[in-house]
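Data file: entry-v4.cif. Format and content: mmCIF, C-alpha atoms.
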```
data_input
#
loop_
_atom_site.label_atom_id
_atom_site.label_comp_id
_atom_site.auth_asym_id
_atom_site.auth_seq_id
_atom_site.Cartn_x
_atom_site.Cartn_y
_atom_site.Cartn_z
CA MET A 1 -21.09 -48.67 -57.77
CA ASN A 2 -22.65 -45.45 -56.48
CA ARG A 3 -20.88 -42.35 -55.21
CA THR A 4 -20.82 -43.44 -51.53
CA GLN A 5 -19.19 -46.74 -52.47
CA LYS A 6 -16.61 -45.04 -54.70
CA VAL A 7 -15.68 -42.60 -51.93
CA ALA A 8 -15.42 -45.53 -49.49
CA VAL A 9 -13.09 -47.49 -51.80
CA ILE A 10 -10.85 -44.47 -52.40
CA THR A 11 -10.73 -43.52 -48.72
CA ILE A 12 -9.87 -47.06 -47.64
CA THR A 13 -7.15 -47.25 -50.29
CA GLY A 14 -5.78 -43.89 -49.21
CA MET A 15 -5.93 -44.75 -45.50
CA LEU A 16 -4.23 -48.12 -45.98
CA LEU A 17 -1.57 -46.38 -48.06
CA THR A 18 -1.16 -43.82 -45.27
CA ILE A 19 -0.78 -46.58 -42.67
CA ALA A 20 1.79 -48.38 -44.85
CA LEU A 21 3.78 -45.19 -45.48
CA LEU A 22 3.62 -44.23 -41.80
CA ALA A 23 4.92 -47.66 -40.85
CA LEU A 24 7.68 -47.33 -43.46
CA SER A 25 8.76 -43.99 -42.06
CA LEU A 26 8.23 -44.59 -38.31
CA ILE A 27 9.53 -48.15 -37.85
CA PRO A 28 13.11 -47.29 -38.97
CA ILE A 29 13.12 -44.28 -36.59
CA PHE A 30 12.13 -46.40 -33.56
CA PHE A 31 14.25 -49.45 -34.30
CA PHE A 32 17.29 -48.16 -36.18
CA GLY A 33 17.29 -44.43 -35.48
CA TRP A 34 17.17 -43.87 -39.25
CA ARG A 35 15.02 -41.08 -40.65
CA MET A 36 13.60 -41.21 -44.16
CA PRO A 37 15.34 -38.63 -46.38
CA LEU A 38 13.41 -35.50 -47.37
CA PRO A 39 12.89 -36.43 -51.07
CA ALA A 40 11.38 -39.78 -50.02
CA ARG A 41 9.01 -38.03 -47.59
CA VAL A 42 7.98 -35.57 -50.31
CA ALA A 43 7.41 -38.50 -52.70
CA CYS A 44 5.20 -40.25 -50.11
CA LEU A 45 3.12 -37.11 -49.56
CA THR A 46 2.78 -36.63 -53.32
CA ILE A 47 1.54 -40.21 -53.75
CA LEU A 48 -1.01 -39.76 -50.95
CA PHE A 49 -2.20 -36.41 -52.30
CA THR A 50 -2.55 -37.82 -55.82
CA VAL A 51 -4.52 -40.88 -54.65
CA PHE A 52 -6.87 -38.87 -52.46
CA SER A 53 -7.49 -35.80 -54.59
CA GLY A 54 -7.52 -37.59 -57.95
CA GLY A 55 -9.68 -40.45 -56.73
CA LEU A 56 -12.12 -38.25 -54.88
CA PHE A 57 -12.44 -35.89 -57.85
CA PHE A 58 -13.51 -38.74 -60.14
CA ALA A 59 -15.79 -40.22 -57.47
CA ILE A 60 -17.58 -37.04 -56.45
CA ARG A 61 -18.13 -35.44 -59.86
CA LYS A 62 -21.64 -35.86 -61.17
CA GLN A 63 -22.05 -37.95 -64.31
CA ARG A 64 -25.48 -36.47 -64.94
CA LYS A 65 -26.95 -33.15 -63.81
CA ASP A 66 -30.00 -34.76 -62.18
CA GLU A 67 -28.08 -37.66 -60.66
CA VAL A 68 -29.27 -38.61 -57.14
CA GLU A 69 -26.33 -38.16 -54.76
CA ALA A 70 -27.67 -40.19 -51.84
CA ASP A 71 -31.03 -41.66 -50.91
CA GLU A 72 -32.64 -43.07 -47.75
CA ARG A 73 -30.77 -46.39 -48.05
CA ASP A 74 -27.41 -44.62 -48.31
CA ILE A 75 -28.25 -42.56 -45.22
CA ALA A 76 -29.35 -45.66 -43.27
CA ILE A 77 -26.11 -47.42 -44.24
CA GLN A 78 -24.03 -44.40 -43.23
CA LYS A 79 -25.78 -44.19 -39.84
CA ILE A 80 -24.90 -47.81 -39.03
CA ALA A 81 -21.32 -47.19 -40.21
CA VAL A 82 -21.01 -44.17 -37.88
CA ILE A 83 -22.19 -46.24 -34.89
CA ILE A 84 -19.80 -49.09 -35.64
CA SER A 85 -16.84 -46.75 -36.19
CA LEU A 86 -17.59 -45.06 -32.85
CA VAL A 87 -17.64 -48.48 -31.19
CA SER A 88 -14.30 -49.24 -32.84
CA ILE A 89 -12.86 -46.05 -31.28
CA LEU A 90 -14.01 -47.21 -27.83
CA VAL A 91 -12.49 -50.66 -28.42
CA VAL A 92 -9.15 -49.23 -29.60
CA VAL A 93 -8.93 -46.78 -26.69
CA GLY A 94 -9.85 -49.53 -24.22
CA MET A 95 -7.30 -51.94 -25.68
CA SER A 96 -4.61 -49.24 -25.70
CA LEU A 97 -5.26 -48.59 -22.00
CA VAL A 98 -5.09 -52.30 -21.18
CA VAL A 99 -1.82 -52.73 -23.12
CA ALA A 100 -0.31 -49.59 -21.55
CA ASN A 101 -1.32 -50.87 -18.11
CA LEU A 102 0.24 -54.28 -18.77
CA VAL A 103 3.46 -52.83 -20.21
CA TRP A 104 4.10 -49.81 -17.97
CA GLY A 105 1.80 -50.34 -14.98
CA LEU A 106 -0.97 -48.23 -13.49
CA ASN A 107 1.20 -45.43 -12.11
CA ALA A 108 3.30 -44.79 -15.21
CA ALA A 109 3.16 -41.55 -17.15
CA VAL A 110 3.14 -41.42 -20.93
CA PRO A 111 4.60 -38.58 -23.00
CA LEU A 112 2.23 -36.28 -24.85
CA TRP A 113 3.41 -37.41 -28.29
CA MET A 114 2.10 -40.87 -27.50
CA LEU A 115 -1.39 -39.45 -27.01
CA MET A 116 -1.02 -37.63 -30.30
CA LEU A 117 -0.04 -40.88 -32.00
CA LEU A 118 -3.04 -42.58 -30.40
CA PHE A 119 -5.30 -39.80 -31.67
CA GLY A 120 -3.89 -40.15 -35.19
CA ALA A 121 -4.34 -43.92 -35.05
CA LEU A 122 -7.93 -43.48 -33.87
CA VAL A 123 -8.72 -41.17 -36.78
CA LEU A 124 -7.23 -43.65 -39.26
CA ILE A 125 -8.92 -46.69 -37.73
CA ALA A 126 -12.32 -45.02 -37.35
CA SER A 127 -12.18 -43.85 -40.95
CA VAL A 128 -11.17 -47.26 -42.31
CA VAL A 129 -13.84 -49.01 -40.22
CA TYR A 130 -16.52 -46.50 -41.29
CA HIS A 131 -15.84 -46.99 -44.99
CA ALA A 132 -15.32 -50.75 -44.66
CA VAL A 133 -18.71 -51.09 -42.93
CA ILE A 134 -20.28 -49.07 -45.75
CA LEU A 135 -18.82 -51.42 -48.37
CA VAL A 136 -19.84 -54.53 -46.42
CA GLN A 137 -23.41 -53.28 -46.06
CA TYR A 138 -23.74 -52.49 -49.75
CA GLY A 139 -22.36 -55.93 -50.52
CA ARG A 140 -24.92 -57.54 -48.24
CA GLY A 141 -27.89 -55.55 -49.48
CA GLY A 142 -27.96 -52.79 -46.87
CA SER A 143 -31.18 -53.93 -45.23
CA ASN A 144 -32.74 -51.53 -42.77
CA GLU A 145 -34.14 -54.26 -40.55
CA MET B 1 -28.31 -60.29 -45.08
CA SER B 2 -31.70 -61.98 -44.65
CA LYS B 3 -34.43 -61.10 -47.09
CA THR B 4 -37.16 -58.76 -45.89
CA LYS B 5 -40.76 -59.80 -45.32
CA ILE B 6 -41.89 -57.23 -47.85
CA LYS B 7 -42.58 -58.82 -51.21
CA ASN B 8 -42.76 -56.68 -54.30
CA ASN B 9 -43.82 -56.79 -57.92
CA LEU B 10 -41.34 -54.24 -59.21
CA ARG B 11 -39.97 -56.44 -61.95
CA GLN B 12 -43.43 -57.33 -63.23
CA PHE B 13 -44.61 -53.70 -63.23
CA ARG B 14 -41.43 -52.51 -64.91
CA PHE B 15 -41.99 -54.90 -67.78
CA GLU B 16 -45.66 -53.95 -67.97
CA ASN B 17 -44.61 -50.28 -68.25
CA ASN B 18 -42.81 -50.45 -71.59
CA GLN B 19 -39.98 -52.48 -70.10
CA MET B 20 -38.95 -49.61 -67.85
CA THR B 21 -35.32 -49.97 -66.78
CA GLN B 22 -34.20 -49.92 -63.17
CA ALA B 23 -32.40 -46.63 -63.87
CA GLU B 24 -35.60 -45.05 -65.22
CA LEU B 25 -37.57 -46.19 -62.19
CA ALA B 26 -34.80 -44.88 -59.93
CA ASP B 27 -34.99 -41.49 -61.61
CA LYS B 28 -38.77 -41.39 -61.23
CA ALA B 29 -38.61 -42.38 -57.57
CA GLY B 30 -35.66 -40.10 -56.81
CA VAL B 31 -33.28 -42.80 -55.59
CA THR B 32 -30.15 -44.50 -56.87
CA ARG B 33 -30.32 -47.53 -59.16
CA GLN B 34 -28.63 -49.62 -56.45
CA THR B 35 -31.57 -48.97 -54.12
CA ILE B 36 -34.06 -50.16 -56.75
CA ILE B 37 -31.92 -53.28 -57.29
CA ALA B 38 -31.86 -53.95 -53.53
CA ILE B 39 -35.63 -53.45 -53.19
CA GLU B 40 -36.36 -55.64 -56.20
CA ALA B 41 -34.13 -58.38 -54.79
CA GLY B 42 -35.95 -58.17 -51.45
CA GLN B 43 -32.80 -57.07 -49.64
CA TYR B 44 -34.09 -53.66 -48.60
CA SER B 45 -37.47 -52.50 -47.32
CA PRO B 46 -38.24 -49.00 -48.57
CA SER B 47 -39.71 -46.34 -46.33
CA LEU B 48 -43.41 -45.61 -46.71
CA GLU B 49 -42.55 -42.41 -48.57
CA LEU B 50 -40.36 -44.22 -51.08
CA ALA B 51 -42.90 -47.02 -51.46
CA ILE B 52 -45.52 -44.41 -52.38
CA ARG B 53 -43.17 -42.74 -54.86
CA ILE B 54 -42.44 -46.10 -56.52
CA ALA B 55 -46.12 -47.00 -56.67
CA ARG B 56 -46.90 -43.61 -58.24
CA ALA B 57 -44.20 -44.20 -60.86
CA PHE B 58 -46.33 -47.17 -61.99
CA ASP B 59 -49.67 -45.40 -61.43
CA LYS B 60 -50.57 -48.06 -58.87
CA LYS B 61 -51.41 -48.24 -55.18
CA VAL B 62 -48.73 -49.20 -52.66
CA ASP B 63 -50.62 -52.40 -51.92
CA ASP B 64 -50.41 -53.44 -55.57
CA VAL B 65 -46.65 -53.04 -55.66
CA PHE B 66 -45.72 -54.19 -52.17
CA GLU B 67 -47.20 -56.84 -49.92
CA TYR B 68 -46.31 -57.95 -46.44
CA GLU B 69 -45.58 -61.66 -46.11
CA GLN B 70 -47.37 -63.05 -43.05
#
```

Please express the file's structure as structure tokens.
Amino acid sequence: MNRTQKVAVITITGMLLTIALLALSLIPIFFFGWRMPLPARVACLTILFTVFSGGLFFAIRKQRKDEVEADERDIAIQKIAVIISLVSILVVVGMSLVVANLVWGLNAAVPLWMLMLLFGALVLIASVVYHAVILVQYGRGGSNE
Amino acid sequence: MSKTKIKNNLRQFRFENNQMTQAELADKAGVTRQTIIAIEAGQYSPSLELAIRIARAFDKKVDDVFEYEQ
């Protein structure tokens, strides 16, 4: 597994953990009006920080001085991943608009925090898609054809 | 992923060159070992520049190492 793959695995793990923790903290607020206590929130942030920083440190550090960080195949794979993650952003925004239209109608107004949530979701989804596409391409050979 | 139309003799030349490992060839060509594995397996077509660097690692011409399947 090269450096790009290691970073992808760690980022996906971290992002999925973030999504799970966000769901754990947001769902009770929306449905039960219950807010996670401060120590639990601090514990969640500590777990996320440890996974990201620890994992990335081990993935990014060079094992040899003259180790090649990325070559033409890595760059080609990353380019395709960028395109697909951008397409995923368009799809998510489009689907969000369709759902909002169906639920609230064309003339409804949405609060600003909802746009912020959408933005956060887009960042998470685009990042997960980007790194998932990288892993899939490495698994399939990463052909440039 | 479908295999490329570029055939190669990497494995043969590696063994002819003192059983050069994929890692050693990767170092000489300036790429990662995964890329050499993918090229050798016919899953990735290298750029012209990389093909030349690989051929030079064996002291061969590009045509000797790579061939296009008609």

What residues in chain B have any atom no more than 12 Å from chain A when counting only C-alpha atoms, and can you write them as a ChimeraX atom specification?
/B:1-6,23-24,26-51

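With CA of Val136 in chain A on one side and CA of Ile84 in chain A on the other, the separation reads 12.1 Å.
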
Could you jot down the CA of Ala8 in chain A to CA of Val91 in chain A separation for me, Å, one decimal place?
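We find that CA of Ala8 in chain A and CA of Val91 in chain A lie 21.9 Å from each other.
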
Between A:Lys6, A:Val51, A:Ser25, A:Ile89, single out the one closest to Phe119 in chain A, counting only C-alpha atoms.
A:Ile89

Report as JSON, numbers by chain all protein, DNA and RNA residues lying within 10 Å of Ser53 in chain A, evaluated on only C-alpha atoms, omitting residues in the same chain fewer than 6 positions from it.
{"A": [10, 14, 59]}

CA of Val128 in chain A and CA of Val42 in chain A are how many Å apart?
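Going from CA of Val128 in chain A over to CA of Val42 in chain A, I get 23.8 Å.
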
Counting all atoms listed in the file, which residue out of A:Leu122, A:Ile47, A:Ile27, A:Gly55 sits closest to Met95 in chain A?
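Of A:Leu122, A:Ile47, A:Ile27, A:Gly55, the one nearest Met95 in chain A, counting all atoms listed in the file, is A:Leu122.
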
Can you report as lines of an AutoDock Vina configuration file the centre and edge lengths in Å, to one decimal, of an axis-aligned box around the listed atoms of range 129-139 of chain A padded with 5 Å on each side?
```
center_x = -18.8
center_y = -51.2
center_z = -45.4
size_x = 19.9
size_y = 19.4
size_z = 20.3
```

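Between Ala126 in chain A and the residues A:Leu86, A:Ile12, A:Leu38, A:Leu22, the shortest atom-to-atom distance, using only C-alpha atoms, involves A:Leu86.
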
Could you spell out the hits of the PyMOL selection byres ((chain B and resi 63) around 12) on the shown file, as a list in words?
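This file, filtered by the PyMOL selection byres ((chain B and resi 63) around 12), leaves Ile6, Lys7, Asn8, Asn9, Leu10, Leu48, Ala51, Ile52, Ile54, Ala55, Arg56, Asp59, Lys60, Lys61, Val62, Asp64, Val65, Phe66, Glu67 and Tyr68 of chain B.
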